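Visitor: Structure file start.pdb (PDB, C-alpha atoms) right here:
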ATOM      1  CA  MET A  10      17.350   7.937  -9.048  1.00  0.00           C
ATOM      2  CA  PRO A  11      15.354   4.986  -7.615  1.00  0.00           C
ATOM      3  CA  LEU A  12      11.604   5.434  -7.507  1.00  0.00           C
ATOM      4  CA  THR A  13       9.769   4.499  -4.334  1.00  0.00           C
ATOM      5  CA  ILE A  14       5.999   4.255  -3.910  1.00  0.00           C
ATOM      6  CA  SER A  15       4.492   4.762  -0.461  1.00  0.00           C
ATOM      7  CA  ASP A  16       2.227   2.169   1.142  1.00  0.00           C
ATOM      8  CA  ASP A  17      -0.722   4.572   0.866  1.00  0.00           C
ATOM      9  CA  HIS A  18      -0.299   4.842  -2.904  1.00  0.00           C
ATOM     10  CA  LYS A  19       0.100   1.074  -3.152  1.00  0.00           C
ATOM     11  CA  ASP A  20      -3.189   0.626  -1.281  1.00  0.00           C
ATOM     12  CA  GLN A  21      -4.924   3.061  -3.619  1.00  0.00           C
ATOM     13  CA  LEU A  22      -3.541   1.223  -6.666  1.00  0.00           C
ATOM     14  CA  SER A  23      -4.696  -2.124  -5.280  1.00  0.00           C
ATOM     15  CA  LEU A  24      -8.146  -1.543  -6.809  1.00  0.00           C
ATOM     16  CA  LEU A  25      -6.578  -1.969 -10.259  1.00  0.00           C
ATOM     17  CA  LEU A  26      -4.670  -5.172  -9.497  1.00  0.00           C
ATOM     18  CA  THR A  27      -7.711  -7.433  -9.891  1.00  0.00           C
ATOM     19  CA  GLN A  28      -9.250  -5.660 -12.873  1.00  0.00           C
ATOM     20  CA  ASP A  29      -9.432  -6.925 -16.449  1.00  0.00           C
ATOM     21  CA  ILE A  30      -7.263  -5.400 -19.158  1.00  0.00           C
ATOM     22  CA  PRO A  31     -10.118  -3.282 -20.661  1.00  0.00           C
ATOM     23  CA  VAL A  32     -10.668  -1.716 -17.214  1.00  0.00           C
ATOM     24  CA  ILE A  33      -6.942  -0.976 -16.920  1.00  0.00           C
ATOM     25  CA  HIS A  34      -7.133   0.689 -20.345  1.00  0.00           C
ATOM     26  CA  GLU A  35     -10.046   2.836 -19.162  1.00  0.00           C
ATOM     27  CA  PHE A  36      -8.236   3.911 -15.993  1.00  0.00           C
ATOM     28  CA  CYS A  37      -5.181   4.867 -18.070  1.00  0.00           C
ATOM     29  CA  ARG A  38      -7.438   6.927 -20.331  1.00  0.00           C
ATOM     30  CA  LEU A  39      -8.929   8.688 -17.300  1.00  0.00           C
ATOM     31  CA  ALA A  40      -5.446   9.305 -15.923  1.00  0.00           C
ATOM     32  CA  GLY A  41      -4.540  11.006 -19.214  1.00  0.00           C
ATOM     33  CA  LEU A  42      -7.640  13.208 -18.929  1.00  0.00           C
ATOM     34  CA  PHE A  43      -6.770  13.949 -15.300  1.00  0.00           C
ATOM     35  CA  LEU A  44      -3.371  15.231 -16.432  1.00  0.00           C
ATOM     36  CA  GLN A  45      -5.203  17.671 -18.703  1.00  0.00           C
ATOM     37  CA  GLN A  46      -7.673  18.611 -15.926  1.00  0.00           C
ATOM     38  CA  GLU A  47     -10.582  17.344 -18.027  1.00  0.00           C
ATOM     39  CA  VAL A  48     -12.163  14.688 -15.787  1.00  0.00           C
ATOM     40  CA  ASN A  49     -15.796  15.261 -14.870  1.00  0.00           C
ATOM     41  CA  PRO A  50     -16.460  14.153 -11.252  1.00  0.00           C
ATOM     42  CA  ARG A  51     -19.489  12.217 -12.467  1.00  0.00           C
ATOM     43  CA  VAL A  52     -17.083   9.864 -14.249  1.00  0.00           C
ATOM     44  CA  PHE A  53     -15.943   8.554 -10.873  1.00  0.00           C
ATOM     45  CA  SER A  54     -19.515   7.646  -9.899  1.00  0.00           C
ATOM     46  CA  SER A  55     -20.157   5.931 -13.223  1.00  0.00           C
ATOM     47  CA  ALA A  56     -16.984   3.841 -12.981  1.00  0.00           C
ATOM     48  CA  ALA A  57     -17.677   3.035  -9.327  1.00  0.00           C
ATOM     49  CA  ASN A  58     -21.155   1.684 -10.169  1.00  0.00           C
ATOM     50  CA  LYS A  59     -19.682  -0.628 -12.813  1.00  0.00           C
ATOM     51  CA  LEU A  60     -17.002  -1.930 -10.447  1.00  0.00           C
ATOM     52  CA  GLY A  61     -19.210  -2.080  -7.344  1.00  0.00           C
ATOM     53  CA  VAL A  62     -16.990   0.223  -5.273  1.00  0.00           C
ATOM     54  CA  GLN A  63     -17.183   3.738  -3.856  1.00  0.00           C
ATOM     55  CA  PRO A  64     -16.533   6.773  -6.138  1.00  0.00           C
ATOM     56  CA  SER A  65     -13.804   7.882  -3.734  1.00  0.00           C
ATOM     57  CA  GLN A  66     -11.943   4.606  -4.369  1.00  0.00           C
ATOM     58  CA  VAL A  67     -12.020   5.213  -8.120  1.00  0.00           C
ATOM     59  CA  GLU A  68     -10.807   8.781  -7.714  1.00  0.00           C
ATOM     60  CA  GLU A  69      -8.008   7.710  -5.371  1.00  0.00           C
ATOM     61  CA  ALA A  70      -6.949   4.957  -7.770  1.00  0.00           C
ATOM     62  CA  ILE A  71      -6.742   7.421 -10.660  1.00  0.00           C
ATOM     63  CA  GLN A  72      -4.817   9.923  -8.557  1.00  0.00           C
ATOM     64  CA  ALA A  73      -2.421   7.172  -7.457  1.00  0.00           C
ATOM     65  CA  LEU A  74      -1.931   6.150 -11.083  1.00  0.00           C
ATOM     66  CA  VAL A  75      -1.252   9.767 -12.047  1.00  0.00           C
ATOM     67  CA  PHE A  76       1.236   9.982  -9.187  1.00  0.00           C
ATOM     68  CA  LEU A  77       2.995   6.844 -10.447  1.00  0.00           C
ATOM     69  CA  LEU A  78       3.220   8.274 -13.976  1.00  0.00           C
ATOM     70  CA  ASN A  79       4.372  11.680 -12.739  1.00  0.00           C
ATOM     71  CA  GLN A  80       7.057  10.348 -10.434  1.00  0.00           C
ATOM     72  CA  SER A  81       8.324   8.074 -13.189  1.00  0.00           C
ATOM     73  CA  ALA A  82       8.533  11.002 -15.605  1.00  0.00           C
ATOM     74  CA  ARG A  83      10.148  13.238 -12.977  1.00  0.00           C
ATOM     75  CA  THR A  84      12.906  10.716 -12.332  1.00  0.00           C
ATOM     76  CA  SER A  85      13.296   9.809 -16.035  1.00  0.00           C
ATOM     77  CA  VAL A  86      12.368   6.150 -15.564  1.00  0.00           C
ATOM     78  CA  SER A  87      12.943   4.139 -18.736  1.00  0.00           C
ATOM     79  CA  GLN A  88      10.336   1.960 -20.442  1.00  0.00           C
ATOM     80  CA  GLU A  89      11.803  -1.270 -19.058  1.00  0.00           C
ATOM     81  CA  GLU A  90      12.237   0.199 -15.570  1.00  0.00           C
ATOM     82  CA  PHE A  91       8.602   1.326 -15.525  1.00  0.00           C
ATOM     83  CA  LYS A  92       7.356  -2.104 -16.578  1.00  0.00           C
ATOM     84  CA  THR A  93       9.504  -3.751 -13.903  1.00  0.00           C
ATOM     85  CA  LEU A  94       8.125  -1.344 -11.315  1.00  0.00           C
ATOM     86  CA  ALA A  95       4.534  -2.071 -12.379  1.00  0.00           C
ATOM     87  CA  VAL A  96       5.118  -5.824 -12.038  1.00  0.00           C
ATOM     88  CA  SER A  97       6.718  -5.315  -8.608  1.00  0.00           C
ATOM     89  CA  LEU A  98       3.557  -3.496  -7.505  1.00  0.00           C
ATOM     90  CA  GLY A  99       1.509  -6.637  -8.255  1.00  0.00           C
ATOM     91  CA  PHE A 100       0.280  -6.008 -11.818  1.00  0.00           C
ATOM     92  CA  SER A 101       0.243  -8.847 -14.300  1.00  0.00           C
ATOM     93  CA  THR A 102       2.594  -8.743 -17.293  1.00  0.00           C
ATOM     94  CA  ASP A 103      -0.269  -7.764 -19.631  1.00  0.00           C
ATOM     95  CA  ALA A 104      -1.471  -5.032 -17.254  1.00  0.00           C
ATOM     96  CA  ALA A 105       2.110  -3.776 -16.874  1.00  0.00           C
ATOM     97  CA  ASP A 106       2.326  -3.514 -20.673  1.00  0.00           C
ATOM     98  CA  VAL A 107      -0.849  -1.385 -20.719  1.00  0.00           C
ATOM     99  CA  LEU A 108       0.486   0.889 -17.995  1.00  0.00           C
ATOM    100  CA  THR A 109       3.841   1.185 -19.768  1.00  0.00           C
ATOM    101  CA  ASN A 110       2.138   2.185 -23.013  1.00  0.00           C
ATOM    102  CA  ALA A 111       0.157   4.816 -21.101  1.00  0.00           C
ATOM    103  CA  TYR A 112       3.415   6.109 -19.606  1.00  0.00           C
ATOM    104  CA  LEU A 113       4.963   6.462 -23.066  1.00  0.00           C
ATOM    105  CA  GLU A 114       1.869   7.861 -24.773  1.00  0.00           C
ATOM    106  CA  ASN A 115       1.336  10.558 -22.130  1.00  0.00           C
ATOM    107  CA  ASP A 116       4.932  11.792 -22.192  1.00  0.00           C
ATOM    108  CA  LEU A 117       3.983  15.287 -23.410  1.00  0.00           C
ATOM    109  CA  GLN A 118       1.040  15.611 -21.007  1.00  0.00           C
ATOM    110  CA  LEU A 119       3.248  14.495 -18.104  1.00  0.00           C
ATOM    111  CA  LYS A 120       5.845  17.156 -18.882  1.00  0.00           C
ATOM    112  CA  GLU A 121       3.178  19.854 -19.112  1.00  0.00           C
ATOM    113  CA  TYR A 122       1.571  18.668 -15.863  1.00  0.00           C
ATOM    114  CA  LEU A 123       4.919  18.769 -14.055  1.00  0.00           C
ATOM    115  CA  LYS A 124       5.458  22.313 -15.303  1.00  0.00           C
ATOM    116  CA  ARG A 125       2.067  23.401 -13.982  1.00  0.00           C
ATOM    117  CA  MET A 126       2.646  21.739 -10.615  1.00  0.00           C
ATOM    118  CA  GLY A 127       6.219  22.933 -10.258  1.00  0.00           C
ATOM    119  CA  VAL A 128       7.684  26.272  -9.245  1.00  0.00           C
ATOM    120  CA  GLN A 129       6.707  28.992 -11.693  1.00  0.00           C
ATOM    121  CA  VAL A 130       9.309  31.673 -12.243  1.00  0.00           C
ATOM    122  CA  PRO A 131       8.990  34.786 -14.419  1.00  0.00           C
ATOM    123  CA  LEU A 132      11.008  34.996 -17.621  1.00  0.00           C
ATOM    124  CA  TYR A 133      13.213  37.851 -18.769  1.00  0.00           C
ATOM    125  CA  GLN A 134      11.461  40.069 -21.294  1.00  0.00           C
ATOM    126  CA  ASN A 135      13.385  43.336 -21.592  1.00  0.00           C
ATOM    127  CA  LEU A 136      15.996  45.545 -19.948  1.00  0.00           C
ATOM    128  CA  GLU A 137      16.299  49.323 -20.278  1.00  0.00           C
ATOM    129  CA  TRP A 138      19.048  51.331 -18.647  1.00  0.00           C
ATOM    130  CA  ARG A 139      20.128  54.911 -18.153  1.00  0.00           C
ATOM    131  CA  PHE A 140      23.458  56.328 -16.968  1.00  0.00           C
ATOM    132  CA  ASP A 141      23.336  59.495 -14.834  1.00  0.00           C
ATOM    133  CA  ILE A 142      26.105  61.456 -13.208  1.00  0.00           C
ATOM    134  CA  LEU A 143      25.788  64.140 -10.543  1.00  0.00           C
ATOM    135  CA  VAL A 144      28.407  66.821 -11.204  1.00  0.00           C
ATOM    136  CA  GLY A 145      27.444  69.359  -8.556  1.00  0.00           C
ATOM    137  CA  SER A 146      25.006  70.449  -5.885  1.00  0.00           C
ATOM    138  CA  ARG A 147      24.370  73.496  -3.733  1.00  0.00           C
ATOM    139  CA  ALA A 148      26.724  72.180  -1.062  1.00  0.00           C
ATOM    140  CA  LEU A 149      29.354  70.644  -3.349  1.00  0.00           C
ATOM    141  CA  HIS A 150      30.135  72.340  -6.638  1.00  0.00           C
ATOM    142  CA  HIS A 151      32.630  69.833  -8.009  1.00  0.00           C
ATOM    143  CA  ILE A 152      31.607  66.190  -7.531  1.00  0.00           C
ATOM    144  CA  ALA A 153      31.170  63.185  -9.758  1.00  0.00           C
ATOM    145  CA  GLU A 154      28.685  60.563  -8.553  1.00  0.00           C
ATOM    146  CA  PRO A 155      27.667  58.163 -11.338  1.00  0.00           C
ATOM    147  CA  LEU A 156      24.430  56.166 -11.073  1.00  0.00           C
ATOM    148  CA  VAL A 157      23.003  53.461 -13.308  1.00  0.00           C
ATOM    149  CA  THR A 158      19.199  53.147 -13.455  1.00  0.00           C
ATOM    150  CA  LEU A 159      17.844  49.823 -14.709  1.00  0.00           C
ATOM    151  CA  GLN A 160      14.300  48.794 -15.553  1.00  0.00           C
ATOM    152  CA  LEU A 161      13.864  45.027 -15.746  1.00  0.00           C
ATOM    153  CA  SER A 162      10.711  43.658 -17.377  1.00  0.00           C
ATOM    154  CA  LEU A 163       9.667  40.124 -16.407  1.00  0.00           C
ATOM    155  CA  ASP A 164       6.938  38.034 -18.020  1.00  0.00           C
ATOM    156  CA  LYS A 165       4.901  36.451 -15.199  1.00  0.00           C
ATOM    157  CA  ALA A 166       2.916  34.338 -17.673  1.00  0.00           C
ATOM    158  CA  SER A 167       6.027  32.396 -18.688  1.00  0.00           C
ATOM    159  CA  SER A 168       4.178  29.083 -18.713  1.00  0.00           C
ATOM    160  CA  GLU A 169       2.049  30.323 -21.598  1.00  0.00           C
ATOM    161  CA  GLY A 170       5.156  30.942 -23.690  1.00  0.00           C
ATOM    162  CA  ASN A 171       3.986  34.187 -25.287  1.00  0.00           C
ATOM    163  CA  CYS A 172       6.145  37.127 -24.293  1.00  0.00           C
ATOM    164  CA  ASP A 173       4.890  40.145 -26.251  1.00  0.00           C
ATOM    165  CA  THR A 174       7.074  43.179 -26.713  1.00  0.00           C
ATOM    166  CA  ASN A 175       5.828  46.032 -24.532  1.00  0.00           C
ATOM    167  CA  SER A 176       5.811  49.488 -26.104  1.00  0.00           C
ATOM    168  CA  GLU A 177       4.944  51.522 -23.037  1.00  0.00           C
ATOM    169  CA  SER A 178       7.162  54.191 -21.573  1.00  0.00           C
ATOM    170  CA  PRO A 179       9.880  52.801 -19.250  1.00  0.00           C
ATOM    171  CA  MET A 180       8.406  54.642 -16.268  1.00  0.00           C
ATOM    172  CA  THR A 181       4.794  53.462 -16.754  1.00  0.00           C
ATOM    173  CA  LYS A 182       3.278  50.242 -15.522  1.00  0.00           C
ATOM    174  CA  SER A 183       2.428  47.461 -17.927  1.00  0.00           C
ATOM    175  CA  ASP A 184      -0.497  45.029 -17.822  1.00  0.00           C
ATOM    176  CA  ASN A 185      -0.798  42.419 -15.086  1.00  0.00           C
ATOM    177  CA  ARG A 186       1.169  39.886 -17.116  1.00  0.00           C
ATOM    178  CA  VAL A 187       4.390  41.918 -17.099  1.00  0.00           C
ATOM    179  CA  GLU A 188       6.181  42.938 -13.931  1.00  0.00           C
ATOM    180  CA  LYS A 189       8.610  45.858 -14.080  1.00  0.00           C
ATOM    181  CA  LEU A 190      11.357  46.324 -11.526  1.00  0.00           C
ATOM    182  CA  LEU A 191      13.177  49.642 -11.184  1.00  0.00           C
ATOM    183  CA  LEU A 192      16.724  49.297  -9.862  1.00  0.00           C
ATOM    184  CA  GLN A 193      19.409  51.876  -9.196  1.00  0.00           C
ATOM    185  CA  THR A 194      23.048  51.291  -8.357  1.00  0.00           C
ATOM    186  CA  ASP A 195      26.543  52.691  -8.763  1.00  0.00           C
ATOM    187  CA  PRO A 196      29.046  51.209 -11.256  1.00  0.00           C
ATOM    188  CA  ASN A 197      31.032  49.344  -8.575  1.00  0.00           C
ATOM    189  CA  ASN A 198      27.954  47.473  -7.314  1.00  0.00           C
ATOM    190  CA  LEU A 199      26.923  46.806 -10.903  1.00  0.00           C
ATOM    191  CA  LEU A 200      30.292  45.196 -11.594  1.00  0.00           C
ATOM    192  CA  HIS A 201      29.902  43.091  -8.443  1.00  0.00           C
ATOM    193  CA  MET A 202      26.400  41.924  -9.475  1.00  0.00           C
ATOM    194  CA  THR A 203      27.721  41.066 -12.937  1.00  0.00           C
ATOM    195  CA  ALA A 204      30.498  38.948 -11.417  1.00  0.00           C
ATOM    196  CA  VAL A 205      28.033  37.099  -9.159  1.00  0.00           C
ATOM    197  CA  LEU A 206      25.669  36.394 -12.070  1.00  0.00           C
ATOM    198  CA  GLU A 207      28.532  35.141 -14.253  1.00  0.00           C
ATOM    199  CA  GLU A 208      29.620  32.846 -11.415  1.00  0.00           C
ATOM    200  CA  ALA A 209      26.052  31.495 -11.127  1.00  0.00           C
ATOM    201  CA  LEU A 210      25.946  30.968 -14.909  1.00  0.00           C
ATOM    202  CA  GLN A 211      29.174  28.972 -14.785  1.00  0.00           C
ATOM    203  CA  GLU A 212      27.789  26.896 -11.900  1.00  0.00           C
ATOM    204  CA  SER A 213      24.645  26.104 -13.903  1.00  0.00           C
ATOM    205  CA  ARG A 214      26.852  24.482 -16.557  1.00  0.00           C
ATOM    206  CA  THR A 215      28.454  22.000 -14.173  1.00  0.00           C
ATOM    207  CA  HIS A 216      27.611  18.298 -14.297  1.00  0.00           C
ATOM    208  CA  HIS A 217      25.929  18.413 -10.867  1.00  0.00           C
ATOM    209  CA  SER A 218      23.647  21.318 -11.828  1.00  0.00           C
ATOM    210  CA  ARG A 219      22.652  19.682 -15.113  1.00  0.00           C
ATOM    211  CA  ARG A 220      21.823  16.463 -13.264  1.00  0.00           C
ATOM    212  CA  VAL A 221      19.616  18.334 -10.761  1.00  0.00           C
ATOM    213  CA  HIS A 222      17.903  20.231 -13.572  1.00  0.00           C
ATOM    214  CA  ARG A 223      17.222  16.967 -15.425  1.00  0.00           C
ATOM    215  CA  HIS A 224      15.467  15.470 -12.388  1.00  0.00           C
ATOM    216  CA  LEU A 225      13.356  18.625 -11.899  1.00  0.00           C
ATOM    217  CA  LYS A 226      12.012  18.627 -15.443  1.00  0.00           C
TER     218      LYS A 226
END
How does this structure look as structure tokens?
Guide:
Amino acid sequence: MPLTISDDHKDQLSLLLTQDIPVIHEFCRLAGLFLQQEVNPRVFSSAANKLGVQPSQVEEAIQALVFLLNQSARTSVSQEEFKTLAVSLGFSTDAADVLTNAYLENDLQLKEYLKRMGVQVPLYQNLEWRFDILVGSRALHHIAEPLVTLQLSLDKASSEGNCDTNSESPMTKSDNRVEKLLLQTDPNNLLHMTAVLEEALQESRTHHSRRVHRHLK
């Protein structure tokens, strides 16, 4: 997937085009801290004083650099492709090498940042079920109405990666991290839902779905 950079981001990156290699190194370091949400706003003022520009220009340049790294990681840009892109944006060969090294060195941080900024979905934790059958009532003495009751437990803190086993009763609420859904259906609807889910699972294994998933990582 080709990577395109908007004119606004190019303008924000223009501050770096005329800087020496040590300054490029420092901006890459700050971009790495920005990915980890560890940049103190006072850093922008300090860097701006050294460069003789406004703090907002420094912040925008770092954000534009982070955007460049993120978009490259999102679209799985290779090392050579990233360097070529950096040169096409106006960076010197040496500066492009520094940016490329930053892209490679921050691979893990970029993946974690994309996870935080992406769509968060709960993860499956547990499923409990009960089968009931109504065999009679005051109006009808001989009936057979089966029902399946399901309790689905979902871990809302999936990004933390720590799904603890919950020992509470199926009909009691858990802590705020675990969401419990109570569902009830008859066997025919359950079979239909199973067929739909199996069809979705098969679709997720197709080449097109794997390609989409790869670009969303």
Visitor: Report the centre and edge lengths, in Å to one decimal, of an axis-aligned box enclosing every atom of stretch 150-163 of chain A listed in the file, padded by 5 Å on each side, as JSON.
Guide:
{"center_x": 21.1, "center_y": 56.2, "center_z": -12.0, "size_x": 33.0, "size_y": 42.2, "size_z": 20.7}
Visitor: Select, from A:Gln28, A:Asn110, A:Gln46, A:Gln88, the residue with the minimum atom-to-atom distance to A:Gln72, counting all atoms listed in the file.
Guide: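 Of A:Gln28, A:Asn110, A:Gln46, A:Gln88, the one nearest A:Gln72, counting all atoms listed in the file, is A:Gln46.
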Visitor: Please list, as number ranges by chain, the residues that have an atom at most 6 Å away from (4.7, 15.5, -10.6) in the coordinates of this file, counting only C-alpha atoms.
Guide: A: 79-80, 123
Visitor: Expand the PyMOL selection byres ((chain A and resi 73) around 10) into the explicit residue set it covers here, and present it as a list in words.
Guide: Ile14, Asp17, His18, Lys19, Asp20, Gln21, Leu22, Ser23, Ala40, Val67, Glu68, Glu69, Ala70, Ile71, Gln72, Leu74, Val75, Phe76, Leu77, Leu78 and Asn79 of chain A
Visitor: So which residues touch A:Leu26 within 9 Å, counting only C-alpha atoms, skipping near sequence neighbours fewer than 3 positions away, as an NGL selection string?
Guide: :A and (22-23 or 29 or 33 or 98-101 or 104)
Visitor: For the PyMOL selection byres ((chain A and resi 64) around 9), applied here, can you spell out every residue it catches as a list in words?
Guide: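 For this structure, the PyMOL selection byres ((chain A and resi 64) around 9) captures Pro50, Arg51, Val52, Phe53, Ser54, Ser55, Ala56, Ala57, Asn58, Val62, Gln63, Ser65, Gln66, Val67, Glu68 and Glu69 of chain A.
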Visitor: Could you write out as a list in words the residues that the PyMOL selection byres ((chain A and resi 107) around 10) matches in the shown file?
Guide: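 On this input, the PyMOL selection byres ((chain A and resi 107) around 10) captures Ile30, Pro31, Ile33, His34, Cys37, Lys92, Ala95, Ser101, Thr102, Asp103, Ala104, Ala105, Asp106, Leu108, Thr109, Asn110, Ala111 and Tyr112 of chain A.
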Visitor: Calculated over all atoms listed in the file, which of the candidates A:Asn197, A:Thr13, A:Met202, A:Thr215 has the smallest distance to A:Ser97?
Guide: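 Between A:Asn197, A:Thr13, A:Met202, A:Thr215, the residue approaching A:Ser97 most closely is A:Thr13.
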Visitor: Assuming the input is short of atoms at stretch 188-207 of chain A, produce N, CA and C atoms for that part as a compact mmCIF listing (two decimals), in the coordinates of the input.
Guide:
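Result saved to selection_3.txt:
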# COMPACT_ATOMS: atom_id res chain seq x y z
N GLU A 188 5.74 42.26 -15.14
CA GLU A 188 6.18 42.94 -13.93
C GLU A 188 7.44 43.74 -14.24
N LYS A 189 7.45 44.99 -13.82
CA LYS A 189 8.61 45.86 -14.08
C LYS A 189 9.28 46.23 -12.76
N LEU A 190 10.58 46.01 -12.72
CA LEU A 190 11.36 46.32 -11.53
C LEU A 190 12.31 47.46 -11.85
N LEU A 191 12.30 48.48 -11.00
CA LEU A 191 13.18 49.64 -11.18
C LEU A 191 14.32 49.54 -10.19
N LEU A 192 15.54 49.46 -10.68
CA LEU A 192 16.72 49.30 -9.86
C LEU A 192 17.69 50.45 -10.10
N GLN A 193 18.43 50.80 -9.06
CA GLN A 193 19.41 51.88 -9.20
C GLN A 193 20.66 51.51 -8.40
N THR A 194 21.81 51.67 -9.02
CA THR A 194 23.05 51.29 -8.36
C THR A 194 24.20 52.10 -8.93
N ASP A 195 25.34 52.02 -8.25
CA ASP A 195 26.54 52.69 -8.76
C ASP A 195 27.35 51.68 -9.57
N PRO A 196 28.29 52.13 -10.39
CA PRO A 196 29.05 51.21 -11.26
C PRO A 196 29.77 50.09 -10.50
N ASN A 197 30.31 50.38 -9.32
CA ASN A 197 31.03 49.34 -8.57
C ASN A 197 30.11 48.20 -8.18
N ASN A 198 28.91 48.52 -7.67
CA ASN A 198 27.95 47.47 -7.31
C ASN A 198 27.48 46.72 -8.56
N LEU A 199 27.34 47.45 -9.66
CA LEU A 199 26.92 46.81 -10.90
C LEU A 199 27.96 45.78 -11.36
N LEU A 200 29.23 46.14 -11.24
CA LEU A 200 30.29 45.20 -11.59
C LEU A 200 30.26 43.97 -10.68
N HIS A 201 29.99 44.21 -9.39
CA HIS A 201 29.90 43.09 -8.44
C HIS A 201 28.73 42.17 -8.79
N MET A 202 27.56 42.73 -9.11
CA MET A 202 26.40 41.92 -9.48
C MET A 202 26.68 41.13 -10.74
N THR A 203 27.38 41.76 -11.70
CA THR A 203 27.72 41.07 -12.94
C THR A 203 28.62 39.87 -12.67
N ALA A 204 29.59 40.05 -11.77
CA ALA A 204 30.50 38.95 -11.42
C ALA A 204 29.75 37.80 -10.74
N VAL A 205 28.81 38.13 -9.85
CA VAL A 205 28.03 37.10 -9.16
C VAL A 205 27.15 36.32 -10.15
N LEU A 206 26.52 37.05 -11.08
CA LEU A 206 25.67 36.39 -12.07
C LEU A 206 26.49 35.51 -13.01
N GLU A 207 27.67 35.95 -13.39
CA GLU A 207 28.53 35.14 -14.25
C GLU A 207 28.98 33.88 -13.51
